[in-house]
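One file, protein.txt, carrying compact mmCIF, C-alpha atoms:
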# COMPACT_ATOMS: atom_id res chain seq x y z
CA MET A 1 75.96 77.67 103.39
CA ALA A 2 76.97 80.33 100.85
CA PHE A 3 77.25 82.93 103.61
CA ARG A 4 79.35 80.55 105.66
CA LEU A 5 81.60 79.86 102.67
CA TRP A 6 81.98 83.58 101.99
CA ALA A 7 82.77 84.24 105.65
CA SER A 8 85.38 81.48 105.62
CA LYS A 9 87.04 82.92 102.50
CA THR A 10 86.98 86.35 104.07
CA SER A 11 88.56 85.06 107.25
CA SER A 12 91.25 83.36 105.17
CA TYR A 13 91.89 86.64 103.34
CA LEU A 14 92.10 88.55 106.62
CA ARG A 15 94.11 85.74 108.19
CA ILE A 16 91.97 85.36 111.28
CA SER A 17 90.22 82.46 112.95
CA VAL A 18 86.43 82.08 112.77
CA PRO A 19 84.38 79.83 115.05
CA HIS A 20 82.28 77.29 113.23
CA ARG A 21 78.69 76.46 114.16
CA GLY A 22 75.74 74.51 112.84
CA PHE A 23 75.09 70.91 111.93
CA ALA A 24 77.56 69.03 109.75
CA SER A 25 76.40 68.48 106.18
CA VAL A 26 76.64 65.34 104.11
CA ALA A 27 76.77 65.39 100.30
CA LYS A 28 74.48 62.87 98.63
CA ASP A 29 76.63 61.84 95.69
CA LEU A 30 79.72 60.88 97.67
CA LYS A 31 80.95 57.80 99.48
CA TYR A 32 82.34 57.91 103.01
CA ALA A 33 84.92 56.14 105.17
CA ASP A 34 84.47 55.58 108.90
CA SER A 35 87.56 57.74 109.43
CA HIS A 36 85.57 60.68 108.02
CA GLU A 37 87.00 61.07 104.55
CA TRP A 38 84.82 61.33 101.43
CA VAL A 39 85.44 60.16 97.90
CA LYS A 40 83.82 61.18 94.62
CA VAL A 41 84.36 58.62 91.90
CA ASP A 42 84.50 59.77 88.30
CA GLY A 43 85.22 56.87 86.00
CA THR A 44 88.63 55.50 86.84
CA SER A 45 89.65 58.46 88.98
CA ALA A 46 88.44 59.83 92.30
CA THR A 47 88.62 63.00 94.36
CA ILE A 48 89.19 62.77 98.12
CA GLY A 49 88.73 65.12 101.05
CA ILE A 50 87.61 65.18 104.67
CA THR A 51 83.98 65.55 105.64
CA ASP A 52 82.14 68.50 107.13
CA HIS A 53 81.78 66.45 110.34
CA ALA A 54 85.54 66.01 110.52
CA GLN A 55 86.44 69.63 109.88
CA ASP A 56 83.85 70.77 112.38
CA HIS A 57 85.30 68.56 115.12
CA LEU A 58 88.90 69.35 114.27
CA GLY A 59 88.46 73.13 114.37
CA ASP A 60 90.26 75.69 112.26
CA ILE A 61 92.74 73.98 109.99
CA VAL A 62 95.99 75.90 109.71
CA TYR A 63 98.17 73.52 107.73
CA VAL A 64 97.73 70.62 105.33
CA GLU A 65 100.59 68.20 104.76
CA LEU A 66 100.13 67.14 101.16
CA PRO A 67 101.61 64.01 99.59
CA GLU A 68 103.62 63.91 96.37
CA VAL A 69 101.94 63.38 93.01
CA GLY A 70 102.73 59.87 91.88
CA ALA A 71 102.71 58.35 95.37
CA ALA A 72 100.61 55.27 95.99
CA VAL A 73 97.69 55.28 98.42
CA LYS A 74 96.03 52.30 100.03
CA GLN A 75 92.48 52.05 101.33
CA GLY A 76 92.49 52.81 105.06
CA SER A 77 96.10 54.03 105.19
CA SER A 78 97.32 57.52 105.87
CA PHE A 79 98.55 59.73 103.01
CA GLY A 80 98.81 63.13 104.67
CA ALA A 81 97.77 65.18 107.67
CA VAL A 82 95.97 68.33 108.71
CA GLU A 83 96.93 70.54 111.64
CA SER A 84 94.32 72.22 113.81
CA VAL A 85 94.26 73.52 117.40
CA LYS A 86 97.72 72.13 118.20
CA ALA A 87 96.94 68.70 116.76
CA THR A 88 97.92 66.89 113.61
CA SER A 89 95.35 64.43 112.33
CA ASP A 90 96.07 61.77 109.76
CA ILE A 91 94.10 61.81 106.54
CA ASN A 92 93.35 58.26 105.42
CA SER A 93 92.58 57.26 101.88
CA PRO A 94 89.13 55.71 101.32
CA VAL A 95 90.43 53.98 98.17
CA SER A 96 93.63 52.54 96.73
CA GLY A 97 95.43 53.97 93.75
CA LYS A 98 98.04 56.46 92.57
CA ILE A 99 97.91 60.18 93.31
CA ILE A 100 97.47 62.18 90.10
CA ASP A 101 96.85 65.62 91.59
CA VAL A 102 96.99 67.47 94.91
CA ASN A 103 95.16 70.66 95.84
CA ALA A 104 98.08 73.08 95.96
CA GLU A 105 95.69 75.89 97.03
CA LEU A 106 95.62 74.33 100.47
CA SER A 107 99.22 75.33 101.07
CA SER A 108 98.27 78.99 101.12
CA SER A 109 94.60 78.59 102.13
CA PRO A 110 94.22 75.60 104.46
CA GLY A 111 90.92 77.07 105.67
CA LEU A 112 89.30 75.93 102.42
CA VAL A 113 88.98 72.53 104.10
CA ASN A 114 86.80 74.16 106.77
CA GLY A 115 84.81 76.47 104.52
CA SER A 116 84.27 74.15 101.56
CA PRO A 117 85.08 70.57 102.60
CA TYR A 118 83.29 68.95 99.63
CA ASN A 119 84.34 71.38 96.89
CA ASP A 120 87.23 73.84 97.05
CA GLY A 121 88.69 71.97 100.04
CA TRP A 122 89.37 68.73 98.14
CA ILE A 123 92.76 67.29 99.02
CA ILE A 124 93.93 64.74 96.42
CA LYS A 125 92.85 63.07 93.22
CA VAL A 126 93.75 59.47 92.55
CA GLU A 127 93.71 57.00 89.69
CA LEU A 128 91.86 54.02 91.15
CA SER A 129 93.56 50.64 91.24
CA ASP A 130 90.45 48.75 92.40
CA ALA A 131 87.07 50.35 91.73
CA GLY A 132 85.40 47.55 93.68
CA GLU A 133 86.74 48.98 96.93
CA VAL A 134 84.11 51.70 96.80
CA SER A 135 81.50 49.13 97.79
CA ASN A 136 83.23 48.92 101.21
CA LEU A 137 82.31 52.55 101.88
CA MET A 138 79.17 54.15 103.30
CA ASP A 139 76.61 56.11 101.33
CA ALA A 140 75.36 59.49 102.57
CA ASP A 141 72.50 58.14 104.68
CA LYS A 142 74.61 55.48 106.34
CA TYR A 143 77.36 58.00 107.04
CA SER A 144 74.90 60.46 108.59
CA LYS A 145 73.67 57.75 110.95
CA PHE A 146 77.25 56.75 111.70
CA CYS A 147 78.10 60.32 112.72
CA GLU A 148 74.99 60.63 114.88
CA GLU A 149 75.79 57.39 116.69
CA GLU A 150 79.41 58.39 117.16
CA ASP A 151 78.49 61.79 118.61
CA SER A 152 75.78 60.41 120.86
CA SER A 153 78.00 57.70 122.30
CA HIS A 154 80.50 60.27 123.66
CA MET B 1 95.93 61.30 143.27
CA THR B 2 93.35 59.26 145.16
CA LEU B 3 91.95 56.21 143.39
CA PRO B 4 88.23 57.04 143.77
CA LEU B 5 88.77 60.41 142.05
CA ALA B 6 90.80 58.72 139.33
CA ARG B 7 87.91 56.40 138.56
CA ASN B 8 85.65 59.39 138.06
CA ILE B 9 87.82 60.70 135.23
CA ARG B 10 87.97 57.35 133.40
CA LEU B 11 91.67 56.51 133.39
CA PRO B 12 92.65 53.77 130.95
CA LEU B 13 95.20 51.08 131.86
CA MET B 14 98.62 52.31 130.77
CA ASN B 15 102.23 51.26 130.57
CA LEU B 16 104.33 53.81 132.45
CA LEU B 17 107.74 54.79 131.09
CA ARG B 18 109.76 57.00 133.44
CA LEU B 19 112.84 58.70 132.07
CA LYS B 20 115.28 61.28 133.28
CA GLY B 21 117.23 63.64 131.09
CA LEU B 22 116.52 61.79 127.84
CA PRO B 23 117.27 64.00 124.83
CA ILE B 24 113.98 65.39 123.54
CA LEU B 25 114.68 64.17 120.00
CA GLN B 26 114.97 60.58 121.26
CA GLN B 27 111.82 61.04 123.31
CA LEU B 28 109.92 62.18 120.22
CA HIS B 29 111.24 59.22 118.22
CA ILE B 30 110.03 56.82 120.93
CA GLU B 31 106.65 58.54 121.09
CA GLU B 32 106.02 58.43 117.36
CA ARG B 33 107.09 54.80 117.19
CA LEU B 34 104.78 53.84 120.07
CA LEU B 35 101.90 55.83 118.56
CA ARG B 36 102.16 54.11 115.20
CA THR B 37 103.33 50.59 116.06
CA SER B 38 102.16 49.72 119.59
CA LEU B 39 98.67 48.55 120.53
CA ASP B 40 99.10 49.48 124.19
CA ASN B 41 98.33 52.68 126.05
CA TRP B 42 101.36 54.57 127.37
CA CYS B 43 102.23 57.29 129.82
CA ILE B 44 105.75 58.66 129.37
CA ILE B 45 107.35 60.99 131.89
CA ASN B 46 110.75 62.51 131.11
CA ASP B 47 112.23 64.60 133.89
CA GLY B 48 114.17 67.19 131.94
CA THR B 49 116.04 66.94 128.68
CA ASP B 50 119.81 66.97 128.34
CA ALA B 51 120.34 70.27 126.54
CA LEU B 52 118.57 73.49 125.68
CA THR B 53 116.56 72.77 122.51
CA THR B 54 113.87 74.52 120.50
CA VAL B 55 110.99 72.33 119.35
CA MET B 56 108.55 73.52 116.68
CA GLY B 57 105.22 72.04 115.61
CA ILE B 58 104.78 70.24 112.32
CA SER B 59 104.14 73.40 110.34
CA GLY B 60 106.73 75.52 112.09
CA LYS B 61 109.00 77.78 110.04
CA PRO B 62 112.26 78.77 111.74
CA LEU B 63 112.39 82.14 109.99
CA GLU B 64 109.05 83.16 111.49
CA LEU B 65 109.32 81.58 114.91
CA LEU B 66 112.94 81.87 115.96
CA GLU B 67 115.51 84.59 116.44
CA LEU B 68 117.75 82.77 114.00
CA GLU B 69 120.82 84.90 114.49
CA PHE B 70 121.02 83.95 118.17
CA VAL B 71 119.97 80.35 117.60
CA ILE B 72 122.72 79.82 115.05
CA GLN B 73 125.29 81.79 117.01
CA ASP B 74 124.68 79.74 120.16
CA GLU B 75 124.23 76.44 118.23
CA ILE B 76 120.83 75.71 119.74
CA PRO B 77 119.31 72.55 118.23
CA VAL B 78 116.01 73.05 116.39
CA ILE B 79 113.57 70.16 116.05
CA ARG B 80 110.32 70.00 114.09
CA ARG B 81 108.07 67.46 115.83
CA PHE B 82 105.29 65.34 114.38
CA THR B 83 102.52 66.95 116.44
CA GLY B 84 100.88 70.31 115.87
CA GLY B 85 101.02 73.51 117.86
CA GLY B 86 103.61 76.13 118.53
CA THR B 87 107.23 76.45 119.52
CA VAL B 88 108.73 75.66 122.89
CA ILE B 89 112.22 75.95 124.26
CA VAL B 90 113.06 73.12 126.63
CA ASP B 91 115.91 72.21 128.93
CA GLN B 92 116.77 70.38 132.16
CA GLY B 93 114.00 72.26 133.97
CA THR B 94 111.22 71.01 131.72
CA ILE B 95 109.03 68.07 132.72
CA PHE B 96 107.52 66.16 129.80
CA VAL B 97 104.34 64.12 130.23
CA THR B 98 102.86 62.17 127.36
CA PHE B 99 99.74 60.04 126.95
CA ILE B 100 99.34 57.66 124.04
CA CYS B 101 95.94 55.96 123.87
CA ASN B 102 93.80 53.79 121.67
CA LYS B 103 90.89 55.90 120.49
CA ASP B 104 88.13 53.85 122.11
CA VAL B 105 89.82 53.26 125.45
CA ILE B 106 88.07 56.23 127.05
CA PRO B 107 84.47 55.94 125.82
CA THR B 108 83.54 59.53 126.66
CA VAL B 109 86.45 61.04 124.70
CA GLN B 110 86.20 61.46 120.96
CA PRO B 111 89.54 61.42 119.10
CA TYR B 112 89.58 65.13 118.37
CA PRO B 113 91.71 67.92 119.87
CA ARG B 114 89.22 69.54 122.19
CA PRO B 115 87.78 66.38 123.83
CA ILE B 116 91.32 65.11 124.41
CA MET B 117 92.40 68.41 125.96
CA ASN B 118 89.28 68.49 128.15
CA TRP B 119 89.97 64.95 129.37
CA SER B 120 93.60 65.73 130.13
CA SER B 121 92.65 68.91 131.96
CA LEU B 122 90.44 66.85 134.30
CA LEU B 123 93.43 64.68 135.07
CA TYR B 124 95.71 67.61 135.75
CA LYS B 125 93.06 69.37 137.79
CA GLU B 126 93.32 66.48 140.23
CA ILE B 127 97.11 66.65 140.19
CA PHE B 128 97.25 70.40 140.78
CA GLU B 129 94.45 70.47 143.36
CA GLY B 130 95.25 73.11 145.96
CA ILE B 131 98.34 74.39 144.17
CA GLY B 132 96.85 77.11 142.02
CA ASP B 133 93.81 78.03 139.99
CA PHE B 134 94.48 75.37 137.36
CA HIS B 135 92.14 75.25 134.38
CA LEU B 136 92.03 74.92 130.65
CA ARG B 137 91.84 78.26 128.95
CA GLU B 138 90.64 78.97 125.46
CA ASN B 139 92.85 81.91 124.91
CA GLY B 140 91.07 84.93 123.47
CA THR B 141 94.39 86.19 122.17
CA PHE B 142 95.19 85.06 118.67
CA MET B 143 98.51 83.30 118.20
CA LYS B 144 100.60 83.51 115.08
CA LEU B 145 101.49 80.09 113.71
CA GLN B 146 102.75 80.44 110.20
CA ASP B 147 102.38 82.90 107.35
CA ALA B 148 100.33 85.15 109.61
CA CYS B 149 97.74 82.42 110.09
CA TYR B 150 96.06 82.73 113.47
CA GLN B 151 94.16 80.39 115.72
CA LEU B 152 92.75 80.40 119.21
CA ALA B 153 94.99 78.72 121.75
CA LEU B 154 93.99 76.02 124.27
CA ASP B 155 96.35 76.18 127.22
CA TYR B 156 96.81 74.88 130.75
CA VAL B 157 96.99 77.89 133.07
CA PHE B 158 97.26 78.81 136.70
CA GLY B 159 94.94 81.81 136.83
CA ASP B 160 95.92 83.59 133.66
CA ARG B 161 99.47 82.28 133.46
CA LYS B 162 100.34 79.64 130.90
CA PHE B 163 102.91 77.22 132.28
CA GLY B 164 103.35 74.60 129.60
CA GLY B 165 102.89 73.72 125.97
CA ASN B 166 100.55 71.07 124.61
CA ALA B 167 100.30 69.27 121.33
CA GLN B 168 98.64 66.23 119.84
CA SER B 169 98.67 63.86 116.94
CA ILE B 170 95.66 61.77 116.00
CA THR B 171 95.85 58.68 113.78
CA LYS B 172 93.04 56.45 112.60
CA ASN B 173 92.88 54.41 115.82
CA ARG B 174 95.12 56.16 118.36
CA TRP B 175 96.11 59.55 119.66
CA ILE B 176 98.97 61.15 121.52
CA HIS B 177 98.78 64.16 123.81
CA HIS B 178 102.07 65.51 125.10
CA THR B 179 102.88 68.39 127.37
CA SER B 180 106.06 70.20 128.25
CA PHE B 181 105.70 71.74 131.70
CA LEU B 182 107.99 74.64 132.49
CA TRP B 183 108.80 73.40 135.96
CA ASN B 184 111.74 75.74 135.98
CA TYR B 185 113.20 77.79 133.16
CA ASP B 186 115.78 80.42 132.39
CA VAL B 187 114.10 83.60 131.21
CA LYS B 188 117.09 84.32 128.98
CA SER B 189 116.23 81.25 126.89
CA MET B 190 113.03 82.94 125.73
CA ALA B 191 115.20 85.32 123.73
CA TYR B 192 115.61 82.59 121.10
CA LEU B 193 111.90 82.70 120.31
CA LYS B 194 110.08 85.38 118.38
CA LEU B 195 107.08 86.80 120.17
CA PRO B 196 103.77 85.80 118.56
CA LEU B 197 102.06 88.69 116.79
CA ARG B 198 98.55 89.79 117.68
CA ALA B 199 95.78 89.59 115.14
CA PRO B 200 95.49 92.75 113.04
CA THR B 201 92.78 95.18 114.15
CA TYR B 202 90.36 96.62 111.62
CA ARG B 203 92.47 99.81 111.51
CA SER B 204 95.29 97.95 109.81
CA VAL B 205 93.04 96.85 106.96
CA CYS B 206 93.50 99.37 104.20
CA SER B 207 91.26 98.48 101.32
CA LEU B 208 87.55 99.18 101.23
CA PHE B 209 86.89 95.56 100.33
CA SER B 210 88.84 94.41 103.36
CA TYR B 211 86.96 96.82 105.62
CA LEU B 212 83.57 95.69 104.31
CA SER B 213 84.66 92.08 104.58
CA PHE B 214 85.57 92.65 108.21
CA VAL B 215 82.18 94.24 108.93
CA PHE B 216 80.30 91.34 107.38
CA LEU B 217 82.58 88.86 109.13
CA PHE B 218 81.82 90.56 112.46
CA LEU B 219 78.10 90.31 111.72
CA TYR B 220 78.50 86.63 110.86
CA ILE B 221 80.33 85.86 114.11
CA THR B 222 77.79 87.72 116.24
CA CYS B 223 74.84 86.14 114.43
CA ILE B 224 75.99 82.61 115.05
CA ASP B 225 76.54 83.13 118.80
Just dump the structure as structure tokens.
Amino acid sequence: MAFRLWASKTSSYLRISVPHRGFASVAKDLKYADSHEWVKVDGTSATIGITDHAQDHLGDIVYVELPEVGAAVKQGSSFGAVESVKATSDINSPVSGKIIDVNAELSSSPGLVNGSPYNDGWIIKVELSDAGEVSNLMDADKYSKFCEEEDSSH
Amino acid sequence: MTLPLARNIRLPLMNLLRLKGLPILQQLHIEERLLRTSLDNWCIINDGTDALTTVMGISGKPLELLELEFVIQDEIPVIRRFTGGGTVIVDQGTIFVTFICNKDVIPTVQPYPRPIMNWSSLLYKEIFEGIGDFHLRENGTFMKLQDACYQLALDYVFGDRKFGGNAQSITKNRWIHHTSFLWNYDVKSMAYLKLPLRAPTYRSVCSLFSYLSFVFLFLYITCID
């Protein structure tokens, strides 16, 4: 994983595309939406990004459309988009709240979403408006099974 | 297209919208509205647009992609569309074909770029049967998109000749895949577009760190194949 992260950072530095391989990882301490976003809750705030499964299927991400700080997000609704392989894909918020921070690094290094989807590739931070919504989301084991079923059905 | 073959490639039931000469900006407005507000599947065919127009992808930057002096001088409209991908220049000789689908309507196609492109290439393979060596090519040449960021290109080709541009947008429950086919075009129009740069070779990397990074990156790529 460290080698892969280093290779991704190197490819970002050299501004070239790198094929991605291997099985998608799932982080244990996060919650997951069926649209393949993750959320890490920390008190009354939360950090949001897209999962390793999502970035792997999307391919090399070349652009992230970030929302404005202060904008409202609603569980299940789109707040931004990523561009990869000629496609834009909506990013949907797993929780409702108000955006308190965006990862400005992604403007110059969108590949962070590929190389470090659960850490450096975070996308937004929100102040939660309803902490109870998190119970609607999947834990790591459930999400892993969900991804396996989704991949095997296609 | 014969019906038995169509069944093999799992065509969903679609509303067909046939247009002629609709301005590309209006077409894009219709497409985005149908993508985000309709529950039906759609196929839109627009036979040509009314005027020469440049259309960039969502992240397109005019300064990097267009010969701005000529574009401004000749008052060529420039549109940034809601889908990804590169820049095309379209006119009356361009045929636009668009598919808008609910994500589960084709069970074998996951709502991601490559599966959608693969599915569409099966469709077009039937259409172009006997016309040329049509296939989907993962282009080994790197394409410049923005700020010297490169990616591999997925293109429809006859042999090794690309003849159209593709792009997609994927929402939570639906996706759109649209293509601009260069049925006929004026070579002079290409002068409005900047040529995409090739990826830098290792010789253009000056610092020792960059050179070593490239070596390790090469090892990484070869190890994972």
Using all atoms listed in the file, which residues sit within 9 Å of Ala46 (chain A) once same-chain residues fewer than 4 positions away are excluded, as a count of residues only?
10
Have a look at CA of Glu65 (chain A) and CA of Pro23 (chain B) and let me know their distance in Å, one decimal.
26.4 Å
Contacts of Phe79 (chain A) at 10 Å (only C-alpha atoms; same-chain gap of 6+ positions) as a list of chain:residue names:
A:Glu65, A:Leu66, A:Pro67, A:Glu68, A:Ala71, A:Ala72, A:Val73, A:Asp90, A:Ile91, A:Asn92, A:Ser93, A:Ile99, A:Ile124
Export, as a tab-separated table (two decimals), keeping the file's coordinate frame, the selected residues with C-alpha atoms.
chain	number	residue	atom	x	y	z
A	65	GLU	CA	100.59	68.20	104.76
A	66	LEU	CA	100.13	67.14	101.16
A	67	PRO	CA	101.61	64.01	99.59
A	68	GLU	CA	103.62	63.91	96.37
A	71	ALA	CA	102.71	58.35	95.37
A	72	ALA	CA	100.61	55.27	95.99
A	73	VAL	CA	97.69	55.28	98.42
A	90	ASP	CA	96.07	61.77	109.76
A	91	ILE	CA	94.10	61.81	106.54
A	92	ASN	CA	93.35	58.26	105.42
A	93	SER	CA	92.58	57.26	101.88
A	99	ILE	CA	97.91	60.18	93.31
A	124	ILE	CA	93.93	64.74	96.42
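For the pair CA of Val64 (chain A) and CA of Val82 (chain A), the separation is 4.4 Å.
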Which residues, written as a PDB file with C-alpha atoms, keeping the file's coordinate frame, have at least one atom at most 12 Å from Gly132 (chain B), with all atoms listed in the file counted and residues fewer than 6 positions away on the same chain left out?
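So the final result, stored in out-v1.pdb, reads:
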ATOM      1  CA  TYR B 124      95.710  67.610 135.750  1.00  0.00           C
ATOM      2  CA  LYS B 125      93.060  69.370 137.790  1.00  0.00           C
ATOM      3  CA  GLU B 126      93.320  66.480 140.230  1.00  0.00           C
ATOM      4  CA  TYR B 156      96.810  74.880 130.750  1.00  0.00           C
ATOM      5  CA  VAL B 157      96.990  77.890 133.070  1.00  0.00           C
ATOM      6  CA  PHE B 158      97.260  78.810 136.700  1.00  0.00           C
ATOM      7  CA  GLY B 159      94.940  81.810 136.830  1.00  0.00           C
ATOM      8  CA  ASP B 160      95.920  83.590 133.660  1.00  0.00           C
ATOM      9  CA  ARG B 161      99.470  82.280 133.460  1.00  0.00           C
ATOM     10  CA  LYS B 162     100.340  79.640 130.900  1.00  0.00           C
ATOM     11  CA  PHE B 163     102.910  77.220 132.280  1.00  0.00           C
TER      12      PHE B 163
END
Using all atoms listed in the file, find the one residue out of A:Glu133, A:Asp120, A:Glu37, A:Asp151 that sits nearest to chain B.
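Smallest separation from chain B among the options: A:Asp151.
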Distance of CA of Asn136 (chain A) from CA of Val109 (chain B), expressed in Å to one decimal place:
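Going from CA of Val109 (chain B) over to CA of Asn136 (chain A) covers 26.6 Å.
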Closest of B:Ile89, B:Val71, B:Ala191, B:Cys101 to Leu52 (chain B) - atom-to-atom distances counting all atoms listed in the file
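Comparing B:Ile89, B:Val71, B:Ala191, B:Cys101 against Leu52 (chain B), the winner is B:Ile89.
Residue nearest Val78 (chain B), chosen from B:Asp40, B:Arg18, B:Leu25, B:Ser59 and counting all atoms listed in the file: B:Leu25.
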Counting only C-alpha atoms, the residue of B:Pro111, B:Thr37, B:Leu193, B:Met14 that sits nearest Val55 (chain B)
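Selected residue with least distance to Val55 (chain B): B:Leu193.
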With all atoms listed in the file as the counted atoms, please give the residues lying no more than 7 Å from Leu17 (chain B), apart from itself and same-chain residues fewer than 2 positions off, as a list in words.
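My list of contacting residues is Asn15, Leu19, Cys43, Ile44 and Ile45 of chain B.
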Go ahead and write the selection's residues with C-alpha atoms as a CSV table (one decimal), in the coordinates of the input.
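Printed below is selection.csv as written:
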chain,number,residue,atom,x,y,z
B,15,ASN,CA,102.2,51.3,130.6
B,19,LEU,CA,112.8,58.7,132.1
B,43,CYS,CA,102.2,57.3,129.8
B,44,ILE,CA,105.8,58.7,129.4
B,45,ILE,CA,107.4,61.0,131.9
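Residue nearest His135 (chain B), chosen from B:Leu28, B:Leu66, B:Val88, B:Met117 and counting all atoms listed in the file: B:Met117.
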Write out as a PyMOL selection string the residues lying within 9 Å of region 84-87 of chain A, counting all atoms listed in the file and excluding same-chain residues fewer than 2 positions away.
(chain A and resi 58-63+82+89) or (chain B and resi 57+83-86+112-114+151-154+166-170+177)
Pick the closest to chain B from A:Gly97, A:Gly49, A:Gly43, A:Pro110: which is it, counting all atoms listed in the file?
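Among A:Gly97, A:Gly49, A:Gly43, A:Pro110, it is A:Pro110 that comes nearest to chain B.
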Within 10 Å of (75.4, 64.5, 97.3) (coordinates as in the file), grab all the protein and nucleic acid residues, counting all atoms listed in the file, and write them out as an mmCIF file with C-alpha atoms, in the coordinates of the input.
data_model
loop_
_atom_site.group_PDB
_atom_site.id
_atom_site.type_symbol
_atom_site.label_atom_id
_atom_site.label_comp_id
_atom_site.auth_asym_id
_atom_site.auth_seq_id
_atom_site.Cartn_x
_atom_site.Cartn_y
_atom_site.Cartn_z
ATOM 1 C CA SER A 25 76.400 68.480 106.180
ATOM 2 C CA VAL A 26 76.640 65.340 104.110
ATOM 3 C CA ALA A 27 76.770 65.390 100.300
ATOM 4 C CA LYS A 28 74.480 62.870 98.630
ATOM 5 C CA ASP A 29 76.630 61.840 95.690
ATOM 6 C CA LEU A 30 79.720 60.880 97.670
ATOM 7 C CA LYS A 31 80.950 57.800 99.480
ATOM 8 C CA LYS A 40 83.820 61.180 94.620
ATOM 9 C CA TYR A 118 83.290 68.950 99.630
ATOM 10 C CA ASP A 139 76.610 56.110 101.330
ATOM 11 C CA ALA A 140 75.360 59.490 102.570
#
